[in-house]
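**Student:** Shown below is the structure under consideration.
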Amino acid sequence: MAVKVLMPKLGLTMKKGKIAKWLKQEGQEVTKGEDLLEIITEKITNVMEAPASGILYKILAEKGRNVPVTVPIAIIAEPGDDETVLQQVVEEAQAELDSSEAKDTKKKVTEKEAKKEVQPIRVDNVRKISPRALRLAQEKGIDINYVIGTGPNGRVIEKDVNNYLQELEKEKQPEVISFEGMRGIIAERMSESSRNAARVTIMQEVDITNLQDLREKLNNTFQEQGKGKVSYTDLIAVVVARALKEHPIMNARVFAEEIELCGSVNLGIAVALEDGLIVPVIHQAHRLSLVQMSEKIKSVAERARSGELDSEELQGGTFTITNLGMFGAEGFTPIINPPETAILGIGTITEKPVLKDGNLERRFCMTMSLSFDHRAVDGAPAAQFLSRIKEILENPHPLFQMEEPNISRPLAAGGGKDPNKLMQDFVSGIEWLNEEAPDIAVGFNSLMAPVFAEGELSTKEKELIAVALSVYIKCEYCISHHVHNAMAAGAEPDEILEAAGVAVAFGGGPAMAYTVTLVKECIKAFCTE
Amino acid sequence: MPEITYLEAINAALKEEMRRDPNVFILGEDVGIFGGCFGVTQGLYDEFGPERVLDTPISETAIIGASVGAAAAGLRPVPEIMFMDFMGVCLDEIFNQAAKMRYMFGGRAKIPITVRTACGAGLGAAAQHSQSLEAWFAHIPGLKVVMPSTPADAKGLLVSSIRDDNPVIFIEHKMLYGVSGTVPEGEYTIPLGKADIKREGSDATVVATAMMVHKALAAAETLAEEGIEIEVIDPRCLQPLDKDTILQSVEKTGRLVIVQEAVKFGGFGGEIAAMVVEEGFDLLDAPIKRIGAPFAPVPFATNLENVYLPGEEDIIEAVKSVV
C-alpha cells in the first residue's frame, strides 16, 4: 500500500510548514525513521523522518512551498504497489494539497473582507435612477448625483433620496458632546499640559525582532505553566521602569517652582475607553517582575474599562506609556500627563527590510515617540534615555530570566582583605542589590530596620529574624518552630517568605532553596491549623 | 353570505337575469339538455324550455351570427362559445358585426350580446383548448371584455354584462369553475370598468387577472412571511380598464408587476405597462416586470404545461427583483 507523507503538526500553534529541503529524491529508497526532509516552522528548522519504508514515489510539495499541516506532501510506494493505483493516489493527494492551499488563500481573503468594510468610491455617474427618485430629487432641489443607490442593481430609488434628505437634515445639526465628566477632565489636563510644558517630541525606531522571539519563548513557557500571555506593553513597561531608575530626571514631576525627582517609578498606562481615556498608575513598577507587571496591567486595564479603579490607582504617576500601535499609528507626539516630565508613545510593529551589517534583512520595527518637558529635561538626556530603552529592547535576553527568580551568585561573596576596599564594596554592593534584587533588599531592610531602630523588637520581628537564621543554618526543626511562632505573632506569609529569601540569597543561593520549600509547606500547614 | 362556486355563481346570474327579463335567452353547443360542456347552464333548460335555452349546431359562426341578429332586433342573447380557442371561427361576427354596428348606425342600433366563453390552461386540454386570448378582443373598439376571478365577481359582472347595451366578451377561466367563494345574497351588480383590490400592501403592486389573481394571492402570503407586502389588483374588466386604481396603487408602492396567463408577447400586460409608463412614469421606483406564458402553444403533457404556466414562484421572484 502506498503511504501518504503528511505535513506534520510540530507544535500546538503550528498551522503551516515550509518545505526547506528534500533529503531524498524521487525514486530513491527510504527506510522508516530515516531523515526524509527539512521543514521550517515559524522560526525553527525541523527534520522529518520517513513514516514508512519503500520508494519515495512522488514529491508533491516541492522545496519552498508553504503547506498547511496534515496535508499530503509526498507518496512513498511499497514493494508490489500497482502503478495505476499509485497514479490514482498521487492524483488524489495532489488535489487535496492544491485545494488546501486554495482554501487557505480564500479564507485569508474573506477574513480581510470581513475586517474592513469600505464603501466603494464611485468612478463615474453612469448608473440607474428610478423616475420616482429623480422626480423627488428635483422637487426637493437636490443633485441626484450625491445620492448613493441601494435598489436592485444599484439603482437610486425613492428610499435613497429620502435617506439622503434625512442625512442632510442630520448633518445640519451638529452632534454635541459636552465637556462634562471625563471629557472635561481630559480637556482640562491636556490644555494645561500644552500651556505649561515646553514639549519636545523625539522619535526613534526600535528593531524588536529579538523582543518578538523572546516574547514567543516566554509565552510558550507561560502557556505550559498555565499562566497568561505577556503583551508587548508588559515587556516595554518592565524595560521602561528599569530605564527610568537609571535616568531619574525622566522619572520626575514638574511644578512651578521646582522639579521633584521621584524614587519610586509609578508608571501610568494609558487605557482607551469607549468614550475617553484613563491612565491607571502602577505604583512601584520598578519592583515588579514581568509576570507581576503583566497581571497588574491586565487587572488595571480591565478595571479601567469597567470603571472599577480605586482613586489611588489614578494618582501619583511619575511617567506614562501610551500605546497606539494596535491601531496602526507609527510615530506621534503624545501630550505629557502633568505634572510628569515625559510620556512614551508606542507605535505599531511593521515588518521591513533593514540594512544590518551591510546585509538586507527582514526585521520587525516599532517607532517610539518620547515627549518631554524641556523645562525639566534637555534634549540630550532625553535622547539618551530613549536610546537606553532602545538598547534594552533590542537586546532583551539577559534582562528576562526564564528560570524562577533567584540570585545567581552568592551576594555575600568575599571581596578581599583590605578593610577600606571592603567598606567601599559594601556601598556599591548595596546599590547593586537595590537595583538587581530589590525583593531581597526589601526583605533585608525589613529584618534589619527594627534591629537598629530605637525601642524594642516586637515578637513578630524577632520571630522573622529567627526564621531567616533557621533557614541559614538549614535546621528543619527550627524552621517549623519559628514559622509557626511568626504566624502566631501575626506575620503574613509574604513577610515570612521574604525573611527566608534573604537567608537564601545571602547564604548560598540555590543550594539552600529546598529550605524555602519547607518554609512554604510550614506556612500551608499552619495556616489550615 | 353563502359560499358557492364560480360555476354556481354564473349559473345563478343567468337564471336570475332570465327570470327578470324575458328578452334574455341563451344559446350554444350543448347548453340545453346536456347543461353545458362544463355544466354551467345546468337546470336552465328545465326551467326556461327550448325557446330560451337553444342547443345549436356545431357552428360558432351560426351562434354569434344569430345572436347579433337577435340583439339588433331587441333581444338580449347570451351565447356560449365552449372554448375561447374556437372564437376564431366566429371572429368576423364579433369584431366586424357586433362590435361596429352601434357605431356605424350612428347609435341607433344596440347590440346587447354577452358572449360567454372559457379560457385558460391547466386541464391538459392541449394547444387548441387552453388559450387565453383576451388581448384580441380588448383591441377592438366596440367590445367590452370582462375576466372575473371569483364567484362574487363572476355573478355581479355577468349581471352587469347582460344588462349592458354593448357586446361584452365574458371570459370565464375553466380552472376556476370549482373554486368557492362568498357571494352576496339577492340581486347585485358590479359595474364594468371597476378594478378590485384583492389584497392591500405597500411594497409592490401586482396586477393579475383570472387564475393569476389566485397565484398572486398565494405569492403574497409567502412574501408577507419575509416582510414584503404586495398589493394585488384584479382589473376584472380589461375594457374599459380602471386605470385610476392601478395608478393610485403604483403611486403608493412605486413598483409594478403584471401577471397574465396569456403569452407574454403582445399580451394585455403590455398595455397596462405602457399605460403606467405614459401616465405614471414618475411614480415608478423600479422597472415594471411582466409575467406571462412563453411564446409557444400550450403543451399537452402535464409536466410541460406546468412549466409553461406562470406560477407563484415566478411572481415571488419578480417582486423580489424590484423591491
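Chain labels A, B, ... are given in the sequence in which chains occur in the C-alpha cells; within each chain residues are numbered consecutively from 1, and ligands are likewise numbered from 1 in the order shown.
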Write down, as a list in words, each residue of chain A that has any atom within 6 Å of an atom of chain B, counting only C-alpha atoms.
**Tutor:**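 Listed by rising number, the hits are Ser130, Pro131, Arg132 and Ile157 of chain A.
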**Student:** Enumerate as a ChimeraX atom specification all residues of region 90-306 of chain B assigned to alpha helix (DSSP H) by DSSP on the backbone, naming them with the chain letters and numbers the document uses.
**Tutor:** /B:91,99-104,134-138,151-163,211-225,243-253,268-280,302-306
**Student:** Near Gly122 (chain B), within 8 Å and counting only C-alpha atoms, which residues show up once chain neighbours fewer than 3 positions away are dropped, as a VMD selection string?
**Tutor:** chain B and resid 125 130 175 302 305 to 306
**Student:** Hey, can you spit out that residue selection with N, CA and C atoms as a tab-separated table (two decimals), in the first residue's frame?
**Tutor:**
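Ended up saving to again03.tsv:
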```
chain	number	residue	atom	x	y	z
B	125	ALA	N	-55.65	20.11	-21.63
B	125	ALA	CA	-56.59	20.11	-22.76
B	125	ALA	C	-55.90	20.49	-24.07
B	130	SER	N	-56.88	25.60	-24.61
B	130	SER	CA	-56.26	26.07	-23.36
B	130	SER	C	-55.83	27.54	-23.41
B	175	MET	N	-60.40	26.67	-15.03
B	175	MET	CA	-59.85	26.10	-13.78
B	175	MET	C	-60.50	26.73	-12.56
B	302	THR	N	-48.76	17.19	-19.07
B	302	THR	CA	-49.00	17.93	-17.83
B	302	THR	C	-47.72	18.57	-17.29
B	305	GLU	N	-46.96	21.50	-19.35
B	305	GLU	CA	-47.97	22.54	-19.13
B	305	GLU	C	-47.65	23.29	-17.82
B	306	ASN	N	-47.20	22.53	-16.81
B	306	ASN	CA	-46.86	23.16	-15.52
B	306	ASN	C	-45.69	24.14	-15.67
```
**Student:** Which one of A:Lys140, A:Arg242, A:Lys58, A:Lys352 sits closest to Gln166 (chain A) if you count only C-alpha atoms?
**Tutor:**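 Using only C-alpha atoms, Gln166 (chain A) sits closest to A:Lys140.
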**Student:** Separation of CA of Ser299 (chain A) and CA of Asn337 (chain A), in Å?
**Tutor:**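 For CA of Ser299 (chain A) relative to CA of Asn337 (chain A), the distance reads 21.4 Å.
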**Student:** Show which residues sit within 9 Å of Gly263 (chain A), as a PDB file with N, CA and C atoms, in the first residue's frame. Count only C-alpha atoms, and ignore same-chain residues fewer than 4 positions away.
**Tutor:**
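Output below, filename selection.pdb:
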```pdb
ATOM      1  N   LYS A 245      14.775  54.085  36.332  1.00  0.00           N
ATOM      2  CA  LYS A 245      15.617  54.063  37.528  1.00  0.00           C
ATOM      3  C   LYS A 245      17.026  54.560  37.186  1.00  0.00           C
ATOM      4  N   PRO A 248      16.948  59.238  36.497  1.00  0.00           N
ATOM      5  CA  PRO A 248      15.961  59.792  37.442  1.00  0.00           C
ATOM      6  C   PRO A 248      15.280  61.060  36.933  1.00  0.00           C
ATOM      7  N   ASN A 251      12.035  60.436  35.489  1.00  0.00           N
ATOM      8  CA  ASN A 251      11.030  59.958  36.429  1.00  0.00           C
ATOM      9  C   ASN A 251      10.783  61.056  37.455  1.00  0.00           C
ATOM     10  N   ALA A 252      10.266  62.174  36.969  1.00  0.00           N
ATOM     11  CA  ALA A 252      10.174  63.350  37.825  1.00  0.00           C
ATOM     12  C   ALA A 252       8.836  64.042  37.622  1.00  0.00           C
TER      13      ALA A 252
END
```
**Student:** With distances taken over only C-alpha atoms, which residue among B:Gln131, B:Thr5, B:Thr209, B:Asn166 lies nearest Gly269 (chain B)?
**Tutor:**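 That would be B:Thr209, the residue with the smallest distance to Gly269 (chain B).
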**Student:** Applying 8 Å and only C-alpha atoms, which residues near region 221-230 of chain B remain after dropping the ones on its own chain fewer than 4 positions away? List them as number ranges by chain.
**Tutor:** B: 199-206, 217, 316
**Student:** Restricting the output to N, CA and C atoms, write the selected residues as a PDB file, in the first residue's frame.
**Tutor:**
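Output (selection.pdb):
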```pdb
ATOM      1  N   ARG B 199     -55.928  42.387  -2.240  1.00  0.00           N
ATOM      2  CA  ARG B 199     -55.129  42.375  -1.014  1.00  0.00           C
ATOM      3  C   ARG B 199     -54.363  43.684  -0.980  1.00  0.00           C
ATOM      4  N   GLU B 200     -54.350  44.314   0.179  1.00  0.00           N
ATOM      5  CA  GLU B 200     -53.635  45.581   0.276  1.00  0.00           C
ATOM      6  C   GLU B 200     -52.185  45.366   0.677  1.00  0.00           C
ATOM      7  N   GLY B 201     -51.330  46.212   0.175  1.00  0.00           N
ATOM      8  CA  GLY B 201     -49.911  46.116   0.528  1.00  0.00           C
ATOM      9  C   GLY B 201     -49.226  47.387   0.109  1.00  0.00           C
ATOM     10  N   SER B 202     -47.998  47.587   0.576  1.00  0.00           N
ATOM     11  CA  SER B 202     -47.345  48.868   0.301  1.00  0.00           C
ATOM     12  C   SER B 202     -46.014  48.732  -0.430  1.00  0.00           C
ATOM     13  N   ASP B 203     -45.536  47.490  -0.607  1.00  0.00           N
ATOM     14  CA  ASP B 203     -44.192  47.350  -1.163  1.00  0.00           C
ATOM     15  C   ASP B 203     -44.164  47.222  -2.685  1.00  0.00           C
ATOM     16  N   ALA B 204     -45.182  46.607  -3.257  1.00  0.00           N
ATOM     17  CA  ALA B 204     -45.230  46.477  -4.716  1.00  0.00           C
ATOM     18  C   ALA B 204     -46.671  46.209  -5.136  1.00  0.00           C
ATOM     19  N   THR B 205     -47.031  46.670  -6.335  1.00  0.00           N
ATOM     20  CA  THR B 205     -48.361  46.413  -6.884  1.00  0.00           C
ATOM     21  C   THR B 205     -48.269  45.239  -7.840  1.00  0.00           C
ATOM     22  N   VAL B 206     -49.146  44.253  -7.650  1.00  0.00           N
ATOM     23  CA  VAL B 206     -49.199  43.143  -8.584  1.00  0.00           C
ATOM     24  C   VAL B 206     -50.584  43.165  -9.240  1.00  0.00           C
ATOM     25  N   LEU B 217     -52.162  35.915  -4.963  1.00  0.00           N
ATOM     26  CA  LEU B 217     -52.523  35.945  -3.543  1.00  0.00           C
ATOM     27  C   LEU B 217     -51.708  34.922  -2.747  1.00  0.00           C
ATOM     28  N   ILE B 316     -43.079  35.644  -7.078  1.00  0.00           N
ATOM     29  CA  ILE B 316     -42.199  35.970  -5.947  1.00  0.00           C
ATOM     30  C   ILE B 316     -40.856  36.503  -6.448  1.00  0.00           C
TER      31      ILE B 316
END
```
**Student:** Excluding region 145-155 of chain A and its own-chain neighbours fewer than 3 positions away, which residues fall within 7 Å of it when counting only C-alpha atoms? Please give them as an NGL selection string.
**Tutor:** (:A and (125 or 127-130 or 160-161 or 164)) or (:B and (321-322))
**Student:** Show me, as a CSV table (one decimal) with C-alpha atoms, in the first residue's frame, the residues that have an atom within 6 Å of Ile233 (chain B) when counting only C-alpha atoms, minus same-chain residues fewer than 4 positions from it.
**Tutor:**
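Result file follows (selection_38.csv):
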```csv
chain,number,residue,atom,x,y,z
B,196,ASP,CA,-60.8,45.4,-7.2
B,197,ILE,CA,-58.0,45.4,-4.7
B,198,LYS,CA,-57.8,41.8,-3.6
B,207,VAL,CA,-51.9,43.4,-11.3
```
**Student:** Which of these, A:Ile55, A:Leu433, A:Val300, A:Cys527, has the shortest distance to Gly80 (chain A) once you count only C-alpha atoms?
**Tutor:**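 For Gly80 (chain A), the nearest of the given residues is A:Ile55.
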**Student:** Using only C-alpha atoms, which of B:Asn11, B:Ser160, B:Ser132, B:Asn96 sits nearest Tyr188 (chain B)?
**Tutor:**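 Smallest distance to Tyr188 (chain B) is found for B:Ser160.
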**Student:** Which parts of region 6-97 of chain B does DSSP call strand (DSSP E or B) when run on the backbone here, written out as a VMD selection string?
**Tutor:** chain B and resid 24 to 28 53 to 55 76 to 81
**Student:** Keeping N, CA and C atoms, export the residues of the selection given above as a short mmCIF file (atom, residue, chain, number, x, y, z; two decimals), in the first residue's frame.
**Tutor:**
```
data_model
loop_
_atom_site.label_atom_id
_atom_site.label_comp_id
_atom_site.auth_asym_id
_atom_site.auth_seq_id
_atom_site.Cartn_x
_atom_site.Cartn_y
_atom_site.Cartn_z
N VAL B 24 -83.93 37.93 -22.28
CA VAL B 24 -82.64 37.23 -22.13
C VAL B 24 -82.83 35.77 -22.50
N PHE B 25 -81.98 35.29 -23.40
CA PHE B 25 -82.00 33.85 -23.73
C PHE B 25 -80.57 33.39 -23.98
N ILE B 26 -80.39 32.08 -23.87
CA ILE B 26 -79.04 31.57 -24.10
C ILE B 26 -79.03 30.58 -25.24
N LEU B 27 -77.88 30.50 -25.89
CA LEU B 27 -77.74 29.57 -27.00
C LEU B 27 -76.29 29.11 -27.09
N GLY B 28 -76.12 27.92 -27.62
CA GLY B 28 -74.77 27.41 -27.76
C GLY B 28 -74.76 25.92 -27.91
N VAL B 53 -83.50 28.42 -24.16
CA VAL B 53 -82.20 27.73 -23.98
C VAL B 53 -82.00 26.86 -25.21
N LEU B 54 -81.27 27.43 -26.19
CA LEU B 54 -81.20 26.81 -27.50
C LEU B 54 -79.93 25.99 -27.69
N ASP B 55 -80.11 24.72 -27.99
CA ASP B 55 -78.97 23.90 -28.41
C ASP B 55 -78.75 24.16 -29.90
N ARG B 76 -81.82 39.98 -25.76
CA ARG B 76 -80.53 40.04 -25.07
C ARG B 76 -79.92 38.63 -25.03
N PRO B 77 -79.31 38.23 -26.14
CA PRO B 77 -78.76 36.87 -26.20
C PRO B 77 -77.49 36.74 -25.34
N VAL B 78 -77.37 35.55 -24.76
CA VAL B 78 -76.15 35.22 -24.01
C VAL B 78 -75.57 33.94 -24.62
N PRO B 79 -74.88 34.07 -25.77
CA PRO B 79 -74.33 32.89 -26.42
C PRO B 79 -73.12 32.34 -25.64
N GLU B 80 -72.94 31.05 -25.76
CA GLU B 80 -71.77 30.44 -25.14
C GLU B 80 -70.87 29.86 -26.22
N ILE B 81 -69.59 30.26 -26.21
CA ILE B 81 -68.61 29.61 -27.08
C ILE B 81 -67.80 28.70 -26.15
#
```
**Student:** Can you work out the spacing between CA of Arg305 (chain A) and CA of Ile186 (chain A) in Å, to one decimal?
**Tutor:** 16.1 Å
